[in-house]
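K.L.:
Sending over my_file_3.cif (mmCIF, C-alpha atoms).
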```
data_run
#
loop_
_atom_site.label_atom_id
_atom_site.label_comp_id
_atom_site.auth_asym_id
_atom_site.auth_seq_id
_atom_site.Cartn_x
_atom_site.Cartn_y
_atom_site.Cartn_z
CA MET A 1 16.74 -8.61 -35.92
CA ALA A 2 17.01 -11.79 -37.99
CA ASP A 3 20.58 -12.62 -37.02
CA GLN A 4 19.93 -11.74 -33.41
CA GLN A 5 17.18 -14.27 -33.38
CA THR A 6 19.51 -17.04 -34.52
CA ASN A 7 21.61 -16.48 -31.42
CA PHE A 8 18.95 -18.32 -29.50
CA PRO A 9 18.11 -21.43 -31.50
CA ASN A 10 16.46 -23.26 -28.62
CA GLU A 11 14.36 -20.53 -27.17
CA LYS A 12 12.83 -18.07 -29.52
CA LYS A 13 10.15 -16.80 -27.27
CA ILE A 14 10.10 -13.85 -24.97
CA ASN A 15 9.11 -14.40 -21.36
CA LEU A 16 6.78 -11.56 -20.63
CA LYS A 17 6.00 -10.60 -17.07
CA ILE A 18 3.73 -7.75 -16.11
CA THR A 19 3.80 -6.60 -12.50
CA THR A 20 1.24 -4.19 -11.09
CA PRO A 21 0.52 -3.06 -7.53
CA ARG A 22 -1.96 -5.91 -7.34
CA GLY A 23 0.77 -8.45 -7.83
CA VAL A 24 2.23 -10.28 -10.80
CA LYS A 25 -0.56 -9.85 -13.27
CA PHE A 26 0.47 -11.57 -16.42
CA VAL A 27 3.09 -14.16 -17.25
CA GLU A 28 3.26 -15.46 -20.76
CA LYS A 29 5.53 -16.45 -23.60
CA ALA A 30 5.41 -14.38 -26.75
CA ASP A 31 6.97 -14.23 -30.21
CA MET A 32 6.81 -10.49 -30.48
CA LEU A 33 5.74 -7.53 -28.43
CA ILE A 34 4.85 -4.02 -29.47
CA MET A 35 4.63 -1.57 -26.65
CA ARG A 36 3.89 2.12 -26.55
CA CYS A 37 6.74 4.17 -25.16
CA VAL A 38 6.67 7.88 -24.37
CA ASP A 39 8.05 8.72 -27.80
CA GLY A 40 6.55 6.07 -30.04
CA ASP A 41 6.04 2.36 -30.36
CA LEU A 42 8.78 -0.10 -29.51
CA GLY A 43 8.80 -3.56 -31.04
CA VAL A 44 10.61 -6.35 -29.26
CA LEU A 45 11.68 -9.70 -30.70
CA PRO A 46 13.63 -12.39 -28.84
CA GLY A 47 17.30 -11.52 -28.52
CA HIS A 48 16.71 -7.84 -28.08
CA ALA A 49 19.55 -5.74 -26.67
CA PRO A 50 19.07 -4.83 -23.01
CA VAL A 51 17.04 -1.65 -22.80
CA SER A 52 15.06 0.06 -20.10
CA ALA A 53 12.19 2.04 -21.54
CA VAL A 54 9.61 4.46 -20.23
CA LEU A 55 6.12 3.49 -21.26
CA GLY A 56 3.38 5.84 -22.26
CA ASP A 57 -0.37 5.30 -22.29
CA GLY A 58 -1.13 2.80 -24.99
CA ILE A 59 -1.77 -0.69 -26.17
CA LEU A 60 0.58 -3.55 -25.56
CA HIS A 61 0.33 -5.99 -28.46
CA ILE A 62 1.40 -9.53 -27.67
CA PHE A 63 1.88 -11.87 -30.62
CA ASN A 64 2.16 -15.54 -29.83
CA ASP A 65 1.74 -18.41 -32.31
CA GLY A 66 0.00 -16.10 -34.73
CA VAL A 67 -2.52 -14.92 -32.17
CA GLU A 68 -2.57 -11.33 -31.13
CA LYS A 69 -3.54 -10.21 -27.66
CA GLN A 70 -3.96 -6.67 -26.58
CA LEU A 71 -3.61 -5.11 -23.16
CA ALA A 72 -4.15 -1.55 -22.11
CA VAL A 73 -1.02 -0.37 -20.25
CA PHE A 74 -0.85 3.09 -18.76
CA GLY A 75 2.59 4.37 -17.95
CA GLY A 76 5.28 2.52 -16.11
CA ILE A 77 8.57 1.13 -17.25
CA ALA A 78 9.79 -1.88 -19.21
CA GLN A 79 13.00 -3.78 -18.59
CA ILE A 80 13.98 -5.56 -21.77
CA GLU A 81 16.60 -8.27 -21.89
CA SER A 82 17.31 -10.84 -24.58
CA LYS A 83 14.75 -13.34 -23.34
CA ASN A 84 12.84 -11.52 -20.69
CA VAL A 85 10.62 -8.50 -20.73
CA ASP A 86 9.51 -7.21 -17.35
CA ILE A 87 6.87 -4.53 -17.37
CA PHE A 88 6.08 -2.53 -14.24
CA SER A 89 2.99 -0.45 -14.51
CA THR A 90 0.33 0.91 -12.22
CA ILE A 91 -2.46 -0.09 -14.59
CA ALA A 92 -2.52 -3.02 -17.00
CA GLN A 93 -5.93 -4.19 -18.14
CA HIS A 94 -7.20 -7.12 -20.14
CA PRO A 95 -9.86 -6.30 -22.72
CA GLU A 96 -12.46 -8.14 -20.67
CA GLU A 97 -11.62 -6.08 -17.58
CA ILE A 98 -12.36 -2.80 -19.29
CA ASP A 99 -15.59 -1.09 -18.50
CA LEU A 100 -16.49 0.07 -22.00
CA GLU A 101 -19.42 2.16 -20.84
CA ARG A 102 -17.23 4.05 -18.44
CA ALA A 103 -14.52 4.53 -21.04
CA ARG A 104 -17.06 5.99 -23.47
CA ALA A 105 -18.41 8.27 -20.77
CA ASP A 106 -14.87 9.37 -19.95
CA ARG A 107 -14.24 10.11 -23.58
CA GLU A 108 -17.34 12.24 -23.91
CA LYS A 109 -16.53 14.05 -20.72
CA ALA A 110 -12.99 14.73 -21.87
CA GLU A 111 -14.06 15.85 -25.32
CA ALA A 112 -16.62 18.19 -23.81
CA ALA A 113 -14.00 19.58 -21.45
CA MET A 114 -11.65 20.13 -24.38
CA GLN A 115 -14.06 22.66 -25.83
CA GLU A 116 -13.86 24.86 -22.78
CA GLU A 117 -11.00 27.06 -21.86
CA ALA A 118 -9.06 25.83 -18.90
CA GLU A 119 -5.81 26.09 -17.07
CA GLU A 120 -2.75 24.24 -18.24
CA LEU A 121 -2.96 21.58 -15.56
CA GLN A 122 -6.60 20.89 -16.28
CA ILE A 123 -5.91 20.60 -19.99
CA GLN A 124 -3.21 18.04 -19.25
CA ASN A 125 -5.55 16.05 -17.04
CA THR A 126 -8.23 16.11 -19.68
CA GLN A 127 -5.77 14.95 -22.29
CA VAL A 128 -4.70 12.04 -20.12
CA LEU A 129 -8.34 11.11 -19.54
CA LEU A 130 -9.12 11.28 -23.25
CA ARG A 131 -6.04 9.30 -24.24
CA ARG A 132 -6.75 6.59 -21.71
CA SER A 133 -10.40 6.33 -22.63
CA LEU A 134 -9.47 6.02 -26.32
CA VAL A 135 -6.97 3.26 -25.56
CA ARG A 136 -9.55 1.43 -23.46
CA ILE A 137 -12.16 1.69 -26.19
CA GLU A 138 -9.72 0.42 -28.77
CA VAL A 139 -8.56 -2.49 -26.64
CA SER A 140 -12.06 -3.61 -25.81
CA SER A 141 -13.14 -3.36 -29.43
CA HIS A 142 -10.30 -5.76 -30.17
CA LEU A 143 -12.13 -8.28 -28.03
CA GLU A 144 -15.21 -7.99 -30.21
CA GLU A 145 -13.52 -8.29 -33.59
CA ALA A 146 -10.27 -10.16 -33.29
CA ASP A 147 -8.66 -8.92 -36.50
CA TYR A 148 -9.12 -5.26 -35.78
CA TYR A 149 -5.75 -3.61 -35.74
CA ASP A 150 -4.70 -0.03 -36.11
CA ASP A 151 -1.42 1.30 -34.85
CA GLY A 152 -2.41 4.89 -35.39
CA GLY A 153 0.49 5.58 -37.75
CA ASN A 154 3.23 5.44 -35.14
CA GLU A 155 6.60 4.26 -36.28
CA ASP A 156 8.25 1.23 -34.76
CA GLU A 157 11.53 1.85 -33.08
CA ASP A 158 13.38 -1.43 -33.09
CA ASN A 159 16.97 -1.49 -32.06
CA MET B 1 -18.25 -5.67 49.93
CA SER B 2 -20.41 -4.66 47.02
CA SER B 3 -23.98 -5.74 47.01
CA MET B 4 -25.43 -8.44 44.79
CA ARG B 5 -27.12 -5.87 42.63
CA ASP B 6 -23.82 -4.08 42.02
CA ILE B 7 -22.16 -7.31 40.93
CA LYS B 8 -25.04 -8.15 38.64
CA GLN B 9 -24.75 -4.72 37.10
CA ARG B 10 -21.03 -5.14 36.49
CA ILE B 11 -21.59 -8.49 34.85
CA THR B 12 -24.11 -6.98 32.42
CA ASN B 13 -21.75 -4.12 31.63
CA ILE B 14 -18.80 -6.36 30.98
CA SER B 15 -20.90 -8.70 28.84
CA SER B 16 -21.91 -5.85 26.55
CA VAL B 17 -18.32 -4.64 26.34
CA GLU B 18 -17.29 -8.20 25.49
CA GLN B 19 -19.76 -8.24 22.64
CA ILE B 20 -18.28 -5.05 21.25
CA ILE B 21 -14.80 -6.50 21.61
CA LYS B 22 -15.81 -9.61 19.74
CA ALA B 23 -17.32 -7.55 16.95
CA MET B 24 -14.16 -5.45 16.68
CA ASP B 25 -12.09 -8.60 16.65
CA MET B 26 -14.10 -9.93 13.76
CA VAL B 27 -13.93 -6.65 11.83
CA ALA B 28 -10.17 -6.52 12.37
CA SER B 29 -9.67 -10.07 11.17
CA THR B 30 -11.63 -9.49 7.94
CA LYS B 31 -9.77 -6.23 7.40
CA LEU B 32 -6.53 -8.04 8.09
CA LEU B 33 -7.28 -10.55 5.35
CA LYS B 34 -7.94 -7.77 2.85
CA ALA B 35 -4.90 -5.80 3.94
CA ARG B 36 -2.69 -8.84 3.60
CA ALA B 37 -3.92 -9.47 0.08
CA GLN B 38 -3.14 -5.87 -0.82
CA LEU B 39 0.27 -6.11 0.81
CA ASP B 40 1.12 -9.34 -1.00
CA GLY B 41 0.12 -7.65 -4.26
CA VAL B 42 2.33 -4.62 -3.83
CA ARG B 43 5.42 -6.28 -2.43
CA PRO B 44 6.72 -7.79 -5.72
CA ILE B 45 6.56 -4.53 -7.69
CA TYR B 46 8.16 -2.66 -4.80
CA HIS B 47 11.08 -5.06 -4.52
CA GLU B 48 11.68 -5.06 -8.27
CA LEU B 49 11.52 -1.28 -8.53
CA LYS B 50 13.80 -0.93 -5.53
CA ARG B 51 16.31 -3.20 -7.23
CA ILE B 52 16.05 -1.24 -10.48
CA THR B 53 16.52 2.15 -8.83
CA GLU B 54 19.44 0.87 -6.78
CA GLU B 55 21.14 -0.56 -9.84
CA LEU B 56 20.42 2.62 -11.73
CA GLY B 57 22.36 4.53 -9.11
CA ASN B 58 25.56 2.76 -10.17
CA ASN B 59 25.37 4.36 -13.56
CA SER B 60 27.75 7.29 -13.71
CA ASN B 61 25.15 9.52 -15.37
CA ALA B 62 22.66 8.83 -12.63
CA LYS B 63 25.03 9.71 -9.79
CA SER B 64 24.78 13.39 -10.55
CA HIS B 65 20.99 13.29 -10.79
CA ILE B 66 19.20 15.18 -8.05
CA PHE B 67 17.46 12.06 -6.70
CA TYR B 68 20.78 10.31 -6.13
CA LYS B 69 23.13 13.14 -5.31
CA GLU B 70 24.13 13.36 -1.66
CA HIS B 71 24.26 16.89 -0.35
CA GLU B 72 24.67 18.68 2.90
CA VAL B 73 21.67 18.10 5.12
CA ARG B 74 19.98 21.03 6.79
CA ASN B 75 16.35 19.97 6.78
CA SER B 76 14.99 16.46 6.89
CA LEU B 77 11.51 15.34 6.10
CA TYR B 78 9.86 12.52 7.99
CA ILE B 79 6.81 10.67 6.83
CA VAL B 80 5.23 8.92 9.77
CA LEU B 81 2.50 6.38 9.19
CA THR B 82 0.14 5.92 12.12
CA SER B 83 -3.47 4.87 12.42
CA ASP B 84 -6.67 6.89 12.64
CA ARG B 85 -8.20 4.72 15.31
CA GLY B 86 -7.00 3.52 18.66
CA LEU B 87 -7.58 0.24 20.47
CA SER B 88 -4.67 -1.35 18.71
CA GLY B 89 -2.43 -1.81 21.71
CA SER B 90 1.07 -0.43 21.48
CA TYR B 91 0.98 -0.16 17.69
CA ASN B 92 0.89 3.65 17.51
CA ALA B 93 3.10 4.18 20.54
CA ASN B 94 5.80 1.97 19.06
CA ILE B 95 6.02 3.69 15.70
CA MET B 96 5.84 7.20 17.18
CA ALA B 97 8.53 6.43 19.73
CA LYS B 98 10.75 5.00 17.00
CA ALA B 99 10.25 8.05 14.78
CA LEU B 100 10.89 10.44 17.66
CA GLU B 101 14.04 8.60 18.61
CA HIS B 102 15.30 8.90 15.05
CA MET B 103 14.55 12.62 15.00
CA GLU B 104 16.74 13.11 18.08
CA GLN B 105 19.73 12.77 15.77
CA GLY B 106 19.11 16.03 14.73
CA LYS B 107 18.60 18.62 12.08
CA ASN B 108 15.52 20.66 11.48
CA GLU B 109 12.76 18.26 10.81
CA LYS B 110 9.51 18.63 8.92
CA LEU B 111 6.78 16.08 9.11
CA ILE B 112 4.17 14.55 6.92
CA VAL B 113 1.90 12.62 9.26
CA VAL B 114 -0.59 10.03 8.19
CA GLY B 115 -3.27 9.13 10.72
CA SER B 116 -4.94 11.27 13.37
CA LYS B 117 -3.15 9.53 16.25
CA GLY B 118 0.23 10.65 14.97
CA LYS B 119 -1.06 14.11 14.17
CA GLU B 120 -2.20 14.70 17.75
CA TYR B 121 0.96 13.23 19.21
CA PHE B 122 3.38 15.29 17.17
CA LYS B 123 1.32 18.44 17.62
CA LYS B 124 1.76 18.03 21.36
CA LYS B 125 5.49 17.59 20.82
CA ASN B 126 5.53 20.87 18.86
CA LYS B 127 6.88 19.37 15.69
CA ASN B 128 6.70 21.14 12.37
CA ILE B 129 3.92 19.27 10.56
CA ILE B 130 3.72 20.45 6.97
CA HIS B 131 1.02 18.02 5.90
CA ALA B 132 -1.33 15.75 7.74
CA VAL B 133 -3.40 13.06 6.10
CA THR B 134 -6.24 11.67 8.16
CA ASP B 135 -9.36 9.57 7.67
CA VAL B 136 -8.34 7.92 4.44
CA ASN B 137 -10.83 5.38 3.23
CA ASP B 138 -9.27 1.94 2.76
CA THR B 139 -10.11 2.01 -0.93
CA GLN B 140 -8.51 5.43 -1.40
CA VAL B 141 -5.14 4.51 0.06
CA TYR B 142 -3.63 4.03 -3.37
CA TYR B 143 -4.50 7.55 -4.51
CA SER B 144 -3.64 9.04 -1.16
CA SER B 145 -0.15 7.53 -1.29
CA GLU B 146 0.23 8.90 -4.82
CA LYS B 147 -0.60 12.36 -3.51
CA VAL B 148 1.87 12.04 -0.66
CA ALA B 149 4.53 10.88 -3.12
CA LYS B 150 3.89 14.00 -5.20
CA TRP B 151 4.17 16.32 -2.18
CA LEU B 152 7.33 14.58 -1.21
CA ILE B 153 8.89 15.02 -4.64
CA ASP B 154 7.79 18.65 -4.76
CA VAL B 155 9.36 19.59 -1.43
CA TYR B 156 12.48 17.61 -2.24
CA LEU B 157 12.96 19.18 -5.67
CA SER B 158 12.29 22.68 -4.37
CA GLY B 159 15.19 22.21 -1.97
CA GLU B 160 13.08 22.67 1.15
CA VAL B 161 14.36 19.39 2.49
CA ASP B 162 17.60 17.58 1.84
CA GLU B 163 16.70 14.10 2.91
CA VAL B 164 13.52 12.13 3.42
CA PHE B 165 12.80 9.37 5.90
CA ILE B 166 9.78 7.19 6.24
CA ALA B 167 8.63 5.62 9.49
CA TYR B 168 6.29 2.70 9.14
CA THR B 169 5.52 -0.62 10.80
CA HIS B 170 6.84 -3.59 8.94
CA PHE B 171 4.44 -6.52 9.00
CA LYS B 172 6.21 -9.81 9.65
CA THR B 173 3.53 -12.08 11.05
CA VAL B 174 0.25 -11.47 12.81
CA LEU B 175 2.02 -11.62 16.14
CA SER B 176 5.06 -9.58 15.27
CA SER B 177 5.53 -6.34 13.44
CA VAL B 178 8.52 -4.07 13.68
CA PRO B 179 8.60 -0.27 13.55
CA ILE B 180 11.16 0.84 10.98
CA VAL B 181 12.63 4.18 9.89
CA GLU B 182 14.00 4.08 6.37
CA LYS B 183 15.71 6.62 4.17
CA LEU B 184 13.78 7.38 1.00
CA LEU B 185 15.73 10.20 -0.59
CA PRO B 186 18.40 10.63 -1.75
CA LEU B 187 18.09 7.17 -3.20
CA ALA B 188 20.36 4.45 -1.96
CA THR B 189 22.64 2.74 -4.41
CA ASN B 190 23.74 -0.82 -4.30
CA PRO B 191 27.51 -0.87 -4.70
CA ALA B 192 27.78 -4.63 -4.33
CA LYS B 193 26.52 -5.24 -7.82
CA GLU B 194 28.62 -2.67 -9.66
CA THR B 195 28.84 -4.45 -12.97
CA ASP B 196 28.21 -3.83 -16.64
CA TYR B 197 25.40 -1.30 -16.53
CA SER B 198 27.39 1.13 -18.63
CA ASN B 199 26.44 -0.51 -21.92
CA LYS B 200 22.77 -0.70 -21.07
CA ASN B 201 20.49 1.48 -23.13
CA TYR B 202 17.76 3.68 -21.84
CA GLU B 203 14.81 4.70 -23.90
CA PRO B 204 14.47 7.66 -24.61
CA ASP B 205 17.43 8.58 -22.35
CA ILE B 206 18.60 7.93 -18.83
CA CYS B 207 17.40 11.24 -17.36
CA THR B 208 13.86 10.73 -18.63
CA PHE B 209 14.01 7.20 -17.36
CA ILE B 210 15.05 8.33 -13.90
CA ASP B 211 12.40 11.05 -13.92
CA ASN B 212 9.79 8.42 -14.61
CA VAL B 213 10.99 5.50 -12.56
CA VAL B 214 11.72 7.39 -9.36
CA PRO B 215 8.20 8.81 -8.87
CA LEU B 216 6.80 5.39 -9.66
CA TYR B 217 9.17 3.82 -7.17
CA LEU B 218 8.35 6.37 -4.49
CA HIS B 219 4.64 5.92 -5.05
CA MET B 220 4.98 2.15 -4.80
CA ASN B 221 7.22 2.48 -1.78
CA LEU B 222 4.70 4.68 0.00
CA PHE B 223 1.82 2.48 -1.00
CA ARG B 224 3.70 -0.51 0.29
CA ALA B 225 4.63 1.21 3.56
CA TYR B 226 0.99 2.24 3.89
CA SER B 227 -0.10 -1.34 3.33
CA GLU B 228 2.51 -2.67 5.73
CA SER B 229 1.36 -0.27 8.43
CA HIS B 230 -2.29 -0.91 7.77
CA THR B 231 -1.80 -4.67 7.92
CA SER B 232 0.22 -4.36 11.13
CA GLU B 233 -2.48 -2.15 12.61
CA GLN B 234 -5.22 -4.64 11.88
CA ALA B 235 -3.09 -7.51 13.16
CA ALA B 236 -2.28 -5.59 16.35
CA ARG B 237 -5.94 -4.76 16.84
CA MET B 238 -6.97 -8.34 16.28
CA VAL B 239 -4.42 -9.68 18.75
CA ASN B 240 -5.36 -7.03 21.31
CA MET B 241 -9.05 -7.64 20.92
CA ASP B 242 -8.41 -11.35 21.35
CA ALA B 243 -6.63 -10.66 24.59
CA ALA B 244 -9.30 -8.20 25.71
CA GLY B 245 -12.03 -10.70 24.93
CA LYS B 246 -10.23 -13.28 27.02
CA ASN B 247 -9.82 -10.83 29.88
CA ALA B 248 -13.49 -9.94 29.69
CA SER B 249 -14.64 -13.54 29.87
CA ASP B 250 -12.20 -14.20 32.74
CA LEU B 251 -13.59 -11.22 34.56
CA ILE B 252 -17.16 -12.32 33.96
CA GLU B 253 -16.34 -15.75 35.31
CA GLU B 254 -14.75 -14.27 38.41
CA LEU B 255 -17.70 -11.97 38.99
CA ASN B 256 -20.09 -14.87 38.58
CA HIS B 257 -18.19 -16.78 41.27
CA MET B 258 -18.32 -13.75 43.49
CA TYR B 259 -22.02 -13.30 42.82
CA ASN B 260 -22.76 -16.94 43.62
CA ARG B 261 -20.68 -16.87 46.75
CA LYS B 262 -22.46 -13.74 47.87
CA ARG B 263 -25.83 -15.29 47.15
CA GLN B 264 -24.85 -18.40 49.06
CA ALA B 265 -23.69 -16.30 51.97
CA ASP B 266 -26.91 -14.30 51.94
CA ILE B 267 -29.00 -17.49 51.91
CA THR B 268 -26.94 -19.02 54.67
CA GLN B 269 -27.24 -15.91 56.75
CA GLU B 270 -30.99 -15.73 56.20
CA LEU B 271 -31.39 -19.39 57.09
CA SER B 272 -29.37 -19.05 60.27
CA GLU B 273 -31.39 -15.98 61.18
CA ILE B 274 -34.63 -17.89 60.65
CA VAL B 275 -33.40 -20.94 62.55
CA GLY B 276 -32.12 -18.72 65.35
CA SER B 277 -35.35 -16.79 65.65
CA VAL B 278 -37.42 -19.99 65.45
CA ASN B 279 -35.32 -21.43 68.27
CA VAL B 280 -35.81 -18.33 70.32
CA LEU B 281 -39.55 -18.32 69.62
CA ASN B 282 -39.87 -22.04 70.34
CA LYS B 283 -38.02 -21.74 73.62
CA GLY B 284 -40.03 -18.73 74.67
CA GLY B 285 -43.29 -20.50 73.77
CA ARG B 286 -42.39 -23.62 75.76
CA ASN B 287 -41.44 -21.51 78.72
CA GLU B 288 -44.73 -19.66 78.59
CA SER B 289 -46.88 -22.74 78.17
#
```
If you took the structure in this file and wrote it as structure tokens, what would it be?

P.N.:
Amino acid sequence: MADQQTNFPNEKKINLKITTPRGVKFVEKADMLIMRCVDGDLGVLPGHAPVSAVLGDGILHIFNDGVEKQLAVFGGIAQIESKNVDIFSTIAQHPEEIDLERARADREKAEAAMQEEAEELQIQNTQVLLRRSLVRIEVSSHLEEADYYDDGGNEDEDN
Amino acid sequence: MSSMRDIKQRITNISSVEQIIKAMDMVASTKLLKARAQLDGVRPIYHELKRITEELGNNSNAKSHIFYKEHEVRNSLYIVLTSDRGLSGSYNANIMAKALEHMEQGKNEKLIVVGSKGKEYFKKKNKNIIHAVTDVNDTQVYYSSEKVAKWLIDVYLSGEVDEVFIAYTHFKTVLSSVPIVEKLLPLATNPAKETDYSNKNYEPDICTFIDNVVPLYLHMNLFRAYSESHTSEQAARMVNMDAAGKNASDLIEELNHMYNRKRQADITQELSEIVGSVNVLNKGGRNES
């Protein structure tokens, strides 16, 4: 990554753009991004090789000037080029947009449903609900204590 | 000629209709504002995803994928977006005529109809409606379009249909919207930009990428078409209600003239009757005295 970065001496930031069905949601410059793909986390630094990735349900970490921001992003795709990262997702939430009470309720509901026997489709739905509620809870707790960070032991897949 | 009371009655009737028209006009214009905001939100993601899927089609691995592969067409699926409510002028008639004209070209067609107006119309035409979506709350449109996108993928993947068209009303401005029939599946490719997509990486791999991006694209496409149609509907209703309101006030004015003229005539007639009878009486009296 280090020598790739030197290819762009003038501009070492990534232009991040997140587009949702409600319009262009988020435009910002960033030093580094870590996004959750379907098969693990993907870290992106400026000068990344062009990749199109499928995103899973997870947290998008945005590092800029030593400050970390977190967004909850559920599904969608990312188009990565050397300077630009375009994310298209149906849901992308800021920590302050998350209804923590609802997320906690969702989690309890999902955990309760997990205990019961159900059909395959229902189990999948419950899992999605649980996963999303956990991500929401984690993102909004990041708002409360800024240095909280836990990547859940997933490996980074830089390339 | 109708009596004064009849005219008065008509004026009252038309005034109350005018009030309803004005209320509908106002509702339509607020709904139009909301619909436009939603449409403006969804257009960027739709255009970007459309570009991505079209570029993806140039990749040699993608060409053989079921979403891109052209095959012999026996059955086509049409998704027709109409409205649930009337009083929107020629809005529904336009889109249904356009869809019907497109179906003339041929093959066995199956329909997914959105909106009760379209459902009734195509039922009368004895079309094969496999799904009908009616009475969708404005806030539920997003989920409803997701559901339709899933149906559409299911019937396409099961081989029941070989191509999919969507008929919707494209919103240009408040005064002009155009009915359009577009091909959804198999996906179009964009041969003009056939460049260096071969060295591009896909994470985890291109098939998974296509499997994920295409449903997202179709969902966004449907949601956008839904929004386009909904915005056009509200705009059409607003314009029509404007015109109807104008007609109503014109009519009221005309009836008022008529009423006044009638009243005048009645007064004049009464006066001349009185004067005439007074004359007769006066003459008779003088003669007697």

K.L.:
Do a neighbour search on Asn64 in chain A at 12 Å with all atoms listed in the file, toss out local chain neighbours closer than 4 positions, and write the hits as a list in words.

P.N.:
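The contact residues come out as Lys12, Lys13, Ile14, Asn15, Leu16, Glu28, Lys29, Ala30, Asp31, Met32, Leu33, Ile34, Leu45, Pro46, Glu68, Lys69 and Gln70 of chain A.
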
K.L.:
The PyMOL selection byres ((chain B) within 7 of (chain A)) - which residues does that actually catch in the file I just gave you? List them as a list in words.

P.N.:
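The output of the PyMOL selection byres ((chain B) within 7 of (chain A)) on this file is Gln38, Asp40, Gly41, Val42, Pro44, Ile45, Lys200, Asn201, Tyr202, Glu203, Pro204, Phe209, Asn212 and Val213 of chain B.
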
K.L.:
Neighbouring residues of range 239-255 of chain B were defined as those with any atom within 9 Å, considering all atoms listed in the file; residues of the same chain fewer than 4 positions away were excluded. Please report them as a ChimeraX atom specification.

P.N.:
/B:7-8,10-12,14-15,17-19,21-22,24-25,28,87-89,174-175,234-235,259-260

K.L.:
What is the CA of Thr189 in chain B to CA of Tyr78 in chain B distance in Å?

P.N.:
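Separation between CA of Thr189 in chain B and CA of Tyr78 in chain B: 20.3 Å.
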
K.L.:
Would you pick out the contacts of Asp57 in chain A at 10 Å or less, using only C-alpha atoms, so that residues sharing its chain but fewer than 2 positions from it are not included, and give the list as a ChimeraX atom specification?

P.N.:
/A:35-38,55,59-60,72-76,91,128,131-132,134-135

K.L.:
Given the PyMOL selection byres ((chain B and resi 95-112) around 6) and the file above, list the residues it selects as a ChimeraX atom specification.

P.N.:
/B:74-79,92-94,113,128-132,179

K.L.:
Please return the centre and edge lengths, in Å to one decimal, of a box with edges along x, y and z that contains all listed atoms of range 39-57 of chain A, widened by 8 Å on every side, as AutoDock Vina command-line options.

P.N.:
```
--center_x 9.6 --center_y -1.8 --center_z -25.6 --size_x 35.9 --size_y 37.1 --size_z 26.9
```

K.L.:
Work out how far CA of Asp162 in chain B is from CA of Leu121 in chain A, in Å to one decimal.

P.N.:
27.2 Å

K.L.:
By how many Å are CA of His230 in chain B and CA of Ser83 in chain B apart?

P.N.:
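One can read the CA of His230 in chain B to CA of Ser83 in chain B distance as 7.5 Å.
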